[in-house]
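Okay, so here's the structure we're looking at.
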Amino acid sequence: MQKKKIIINTIPLLVKLTGVGKYIYEVSRNLTNSDSFNYHYYYGYTSDKLIHPPKQDAKKSFSLVYDYLLKSNTLRNIIRRAVFSLSNLVSKKFDLYWEPNHILLPNIKSDIKITTIHDLSVIKNPERHPADRVRYFNKNITQTILNSHHFITVSKFIKQEITEYFGISPEKITVIYNGFNQDIFKKYPHETLITFSKKRNIPGNFILYVGTIEPRKNLKNLILAYLELPEKLKKQYKLVLTGYHGWENSEIFNFIKKERENIIYTGYMDELELAYLYNLAKVLVYPSIYEGFGLPPLEAMACETPVITSNVSSMPEIYEDAAFYIDPKDPYDIKQAVETILEDNILLENLKQKGKERSMLFSWENSAKNHLKLFKSFFPDLT
């Protein structure tokens, strides 16, 4: 039987990974063992090779250029237009096109088109995104909805939102949960962690945040909460922020500059360094206003780090009783939760255990299997 041809948009793999990039890479990597499909990857050109995304130890010049691209509306727009234009050059027709990043490229020819929509944050909270991202999404989402044969979402919460907002039949939407890299996010030997800590100047005791420094991640309320902690706790625990520089964050960096003795920004870290950081943290606080899934709490739980996260959007669905929930809009509630966790060892150990157990229910291997099952369902001769 001749294999079916699948094309996947893998452009986000050309830069260091954030949440969507991890999703694309890990699912694609775990799909490659299929006997039913030949996979092709679109990087502005088509290839049958899945590339490894750049890592933290890539040349500094690359990192500086990419950080500049993130901040430049003009350059981001140029790149988006180029991606759309280059898709005109893909003359080959495919059996299935999987778009894992919200918006279909307009000129990729395929019999079946499946789109993953991770969340509707750009629509529901446009003020928390760059204006060019909002324009791009609004300009192209209607055609994506009309031209997709099926949709994937990463939580039941987002499926419900898509159903209500776009009027899509629930039968056209499949929920497939994300996973995490179980080979990397785990417990590490004490000696390894101490070596890393000294190398990166990580404090001995700290509260951790992981994610891009941008408005929707709600960092201002986390910092306000931290600053209201009792002096004895602030002296004992620093606040460490890790992630891309992001955008619209001058207020956050002013806080960091003013409180440089207590608040530390590490910049972006690759997965292995991030796993070390989770291991070293006393607690992860993830106070995001809106998430389709939210990977950092899952990664932290796998490293046996207790998690405080928001009681909104998909978070209670994904983490159930394995996390300590807060109202992300209330700095006092965040402060109370942090203080409670830091001073209650029984609760802290209970969250570690429940988090570890919860994390084991999620894997990229299972996620890929469910993607494969969905892809096969469109080809009766393969099922």
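In the structure tokens, each chain is lettered A, B, ... as it comes, each chain's residues begin at 1, and ligands are numbered from 1 in order of appearance.
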
With only C-alpha atoms counted and 10 Å as the cut-off, give the residues of stretch 115-165 of chain A in contact with stretch 214-234 of chain A, each with its shortest interatomic distance in Å and the pair that gives it, as a tab-separated table.
residue	atom	partner	partner_atom	distance
A:Ser121	CA	A:Arg216	CA	8.6
A:Asn125	CA	A:Arg216	CA	8.1
A:Pro126	CA	A:Arg216	CA	9.6
A:Glu127	CA	A:Pro215	CA	8.4
A:Arg128	CA	A:Pro215	CA	5.2
A:His129	CA	A:Pro215	CA	7.4
A:Pro130	CA	A:Glu214	CA	9.6

Please report, as a Markdown table, each residue of stretch 301-370 of chain A lying at most 10 Å from stretch 171-190 of chain A, together with the nearest pair of atoms and the separation in Å rounded to one decimal; use only C-alpha atoms, and order rows by chain and ascending residue number.
| residue | atom | partner | partner_atom | distance |
| --- | --- | --- | --- | --- |
| A:Met301 | CA | A:Lys186 | CA | 8.7 |
| A:Ala302 | CA | A:Lys186 | CA | 5.5 |
| A:Cys303 | CA | A:Lys186 | CA | 4.4 |
| A:Glu304 | CA | A:Lys187 | CA | 7.1 |
| A:Thr305 | CA | A:Lys187 | CA | 9.5 |
| A:Ile318 | CA | A:Tyr177 | CA | 8.6 |
| A:Lys356 | CA | A:Lys186 | CA | 9.3 |
| A:Ser359 | CA | A:Phe180 | CA | 8.5 |
| A:Met360 | CA | A:Gln182 | CA | 8.6 |
| A:Leu361 | CA | A:Gly179 | CA | 8.5 |
| A:Phe362 | CA | A:Gly179 | CA | 4.7 |
| A:Ser363 | CA | A:Gly179 | CA | 3.9 |
| A:Trp364 | CA | A:Gly179 | CA | 4.3 |
| A:Glu365 | CA | A:Gly179 | CA | 7.7 |
| A:Asn366 | CA | A:Gly179 | CA | 7.7 |
| A:Ser367 | CA | A:Asn178 | CA | 6.1 |
| A:Ala368 | CA | A:Ile176 | CA | 8.8 |
| A:Lys369 | CA | A:Ile176 | CA | 9.7 |
| A:Asn370 | CA | A:Ile176 | CA | 6.6 |

Output file for the residues above (C-alpha atoms, as a PDB file, in the first residue's frame):
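File written: again-v5.pdb
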ATOM      1  CA  MET A 301       5.515  18.570  38.515  1.00  0.00           C
ATOM      2  CA  ALA A 302       7.617  15.972  36.706  1.00  0.00           C
ATOM      3  CA  CYS A 303      10.634  17.425  38.543  1.00  0.00           C
ATOM      4  CA  GLU A 304       8.736  17.079  41.849  1.00  0.00           C
ATOM      5  CA  THR A 305       8.363  20.829  42.279  1.00  0.00           C
ATOM      6  CA  ILE A 318      -5.286  19.854  33.303  1.00  0.00           C
ATOM      7  CA  LYS A 356       4.500  13.773  40.120  1.00  0.00           C
ATOM      8  CA  SER A 359       2.482  14.481  35.319  1.00  0.00           C
ATOM      9  CA  MET A 360       2.903  10.803  34.500  1.00  0.00           C
ATOM     10  CA  LEU A 361      -0.476  10.841  32.741  1.00  0.00           C
ATOM     11  CA  PHE A 362       0.901  13.087  29.999  1.00  0.00           C
ATOM     12  CA  SER A 363       3.509  12.250  27.378  1.00  0.00           C
ATOM     13  CA  TRP A 364       4.395  13.404  23.876  1.00  0.00           C
ATOM     14  CA  GLU A 365       4.335   9.763  22.806  1.00  0.00           C
ATOM     15  CA  ASN A 366       0.651   9.467  23.757  1.00  0.00           C
ATOM     16  CA  SER A 367      -0.092  12.840  22.195  1.00  0.00           C
ATOM     17  CA  ALA A 368       1.504  11.735  18.912  1.00  0.00           C
ATOM     18  CA  LYS A 369      -0.408   8.437  18.968  1.00  0.00           C
ATOM     19  CA  ASN A 370      -3.672  10.365  19.235  1.00  0.00           C
TER      20      ASN A 370
END

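The interatomic distance for the pair atom CA of A:Gly21 and atom CA of A:Glu99 works out to 12.2 Å.
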
Using only C-alpha atoms, which protein or nucleic acid residues come within 8 Å of A:Thr10? Drop anything in the same chain fewer than 4 positions from it, and give the result as a PDB file with N, CA and C atoms, in the first residue's frame.
ATOM      1  N   LEU A  14      12.668  26.826  13.536  1.00  0.00           N
ATOM      2  CA  LEU A  14      13.867  27.536  13.099  1.00  0.00           C
ATOM      3  C   LEU A  14      14.434  28.429  14.202  1.00  0.00           C
ATOM      4  N   ILE A  24       5.060  21.341  18.363  1.00  0.00           N
ATOM      5  CA  ILE A  24       5.317  20.939  16.981  1.00  0.00           C
ATOM      6  C   ILE A  24       6.457  19.932  16.914  1.00  0.00           C
ATOM      7  N   TYR A  25       7.546  20.240  17.579  1.00  0.00           N
ATOM      8  CA  TYR A  25       8.722  19.376  17.500  1.00  0.00           C
ATOM      9  C   TYR A  25       8.467  18.002  18.110  1.00  0.00           C
ATOM     10  N   TYR A  41       8.115  18.422   5.809  1.00  0.00           N
ATOM     11  CA  TYR A  41       8.132  19.546   6.734  1.00  0.00           C
ATOM     12  C   TYR A  41       8.354  20.838   5.962  1.00  0.00           C
ATOM     13  N   TYR A  42       7.587  21.850   6.349  1.00  0.00           N
ATOM     14  CA  TYR A  42       7.660  23.124   5.633  1.00  0.00           C
ATOM     15  C   TYR A  42       8.403  24.151   6.480  1.00  0.00           C
ATOM     16  N   TYR A  43       9.557  24.629   5.940  1.00  0.00           N
ATOM     17  CA  TYR A  43      10.375  25.637   6.610  1.00  0.00           C
ATOM     18  C   TYR A  43      10.482  26.925   5.779  1.00  0.00           C
TER      19      TYR A  43
END

Please identify every residue of stretch 111-196 of chain A that has at least one atom no farther than 8 Å from an atom of stretch 102-106 of chain A, counting only C-alpha atoms, and for each give the shortest atom pair and the distance in Å to one decimal, arranged by chain then increasing number, as CSV.
residue,atom,partner,partner_atom,distance
A:Thr115,CA,A:His102,CA,6.3
A:Thr116,CA,A:His102,CA,5.6
A:Ile117,CA,A:His102,CA,4.7
A:His118,CA,A:His102,CA,6.9
A:Phe137,CA,A:Ile103,CA,7.3
A:Asn140,CA,A:Ile103,CA,6.6
A:Ile141,CA,A:Ile103,CA,6.2
A:Gln143,CA,A:Leu104,CA,7.9
A:Thr144,CA,A:Leu104,CA,5.4
A:Ser148,CA,A:Leu104,CA,8.0

Kindly save the residues from that selection, with N, CA and C atoms included, as a short mmCIF file (atom, residue, chain, number, x, y, z; two decimals), in the first residue's frame.
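Listed below is the output, part10.cif:
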data_model
loop_
_atom_site.label_atom_id
_atom_site.label_comp_id
_atom_site.auth_asym_id
_atom_site.auth_seq_id
_atom_site.Cartn_x
_atom_site.Cartn_y
_atom_site.Cartn_z
N THR A 115 -6.18 21.70 11.52
CA THR A 115 -5.54 22.83 12.20
C THR A 115 -5.64 22.68 13.70
N THR A 116 -4.52 22.89 14.37
CA THR A 116 -4.52 22.95 15.83
C THR A 116 -4.71 24.38 16.28
N ILE A 117 -5.72 24.61 17.09
CA ILE A 117 -5.93 25.93 17.71
C ILE A 117 -5.68 25.76 19.20
N HIS A 118 -4.61 26.37 19.67
CA HIS A 118 -4.18 26.18 21.06
C HIS A 118 -5.03 26.99 22.05
N PHE A 137 -3.84 37.48 13.06
CA PHE A 137 -4.80 36.46 13.45
C PHE A 137 -6.19 36.80 12.92
N ASN A 140 -6.69 36.28 9.14
CA ASN A 140 -6.58 34.95 8.55
C ASN A 140 -7.41 33.86 9.23
N ILE A 141 -7.97 34.14 10.39
CA ILE A 141 -8.64 33.07 11.13
C ILE A 141 -9.92 32.62 10.43
N GLN A 143 -10.63 32.37 7.18
CA GLN A 143 -10.31 31.42 6.11
C GLN A 143 -9.83 30.09 6.68
N THR A 144 -9.13 30.15 7.80
CA THR A 144 -8.68 28.91 8.45
C THR A 144 -9.87 28.09 8.91
N SER A 148 -10.51 24.45 6.98
CA SER A 148 -10.06 23.28 7.73
C SER A 148 -11.14 22.22 7.77
#

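Distances here use only C-alpha atoms; by that measure, the residue among A:Leu120, A:Ile108, A:Leu239, A:Ala275 closest to A:Glu261 is A:Leu239.
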
Name the residues of stretch 70-224 of chain A that come out as helix (DSSP H, G or I) in a backbone DSSP run; write them as a PyMOL selection string.
-> chain A and resi 70-71+73-89+121-124+126-128+131-147+156-166+170-172+190-200+215-217+219-224

Neighbours of A:His149 within 7 Å (only C-alpha atoms; same-chain residues fewer than 5 positions away dropped), as a ChimeraX atom specification?
-> /A:112-114

Store the residues of this selection in a file with N, CA and C atoms, as an mmCIF file, in the first residue's frame.
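Generated output (again03.cif):
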data_model
loop_
_atom_site.group_PDB
_atom_site.id
_atom_site.type_symbol
_atom_site.label_atom_id
_atom_site.label_comp_id
_atom_site.auth_asym_id
_atom_site.auth_seq_id
_atom_site.Cartn_x
_atom_site.Cartn_y
_atom_site.Cartn_z
ATOM 1 N N ILE A 112 -6.915 16.992 2.637
ATOM 2 C CA ILE A 112 -7.419 17.170 3.996
ATOM 3 C C ILE A 112 -6.558 18.207 4.708
ATOM 4 N N LYS A 113 -7.206 19.118 5.421
ATOM 5 C CA LYS A 113 -6.487 20.136 6.204
ATOM 6 C C LYS A 113 -6.965 20.091 7.650
ATOM 7 N N ILE A 114 -6.010 19.902 8.554
ATOM 8 C CA ILE A 114 -6.318 19.833 9.988
ATOM 9 C C ILE A 114 -5.519 20.907 10.703
#

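Inside stretch 129-262 of chain A, the residues DSSP reads as strand (DSSP E or B) when given the backbone are His150, Phe151, Ile152, Thr153, Ile173, Thr174, Val175, Phe206, Ile207, Leu208, Tyr209, Val210, Lys238, Leu239, Val240, Leu241 and Thr242 of chain A.
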
Please provide the set of residues having any atom within 12 Å of A:Ser314, restricted to only C-alpha atoms, with same-chain residues fewer than 5 positions apart removed, written as an MDAnalysis selection string.
-> chainID A and resid 118:120 153:161 177 288:295 309 319:320

Identify, on the basis of only C-alpha atoms, every residue whose closest approach to A:Asp95 does not exceed 6 Å; exclude the query and any residue fewer than 6 positions from it along the same chain; express the result as number ranges by chain.
-> A: 4-6, 110-111

Check the smallest atom-to-atom distance from each of A:Val307, A:Val15, A:Val240, A:Ile8 to A:Pro287 using only C-alpha atoms, then report the winner.
-> A:Val307

Could you state the separation of atom CA of A:Arg260 and atom CA of A:Lys238 in Å, given to one decimal place?
-> 9.8 Å

Surrounding residues of A:Arg200 excluding itself and chain neighbours under 2 positions, 12 Å, only C-alpha atoms, as a ChimeraX atom specification = /A:193-198,202-204,240,264-267,269,273-274,276-277

Smallest atom-to-atom distance to A:Tyr209: which of A:Ile326, A:Asp270, A:Lys352, A:Val285, using only C-alpha atoms?
-> A:Val285

Straight-line distance linking atom CA of A:Asn101 with atom CA of A:Pro170, stated in Å to one decimal | 19.8 Å
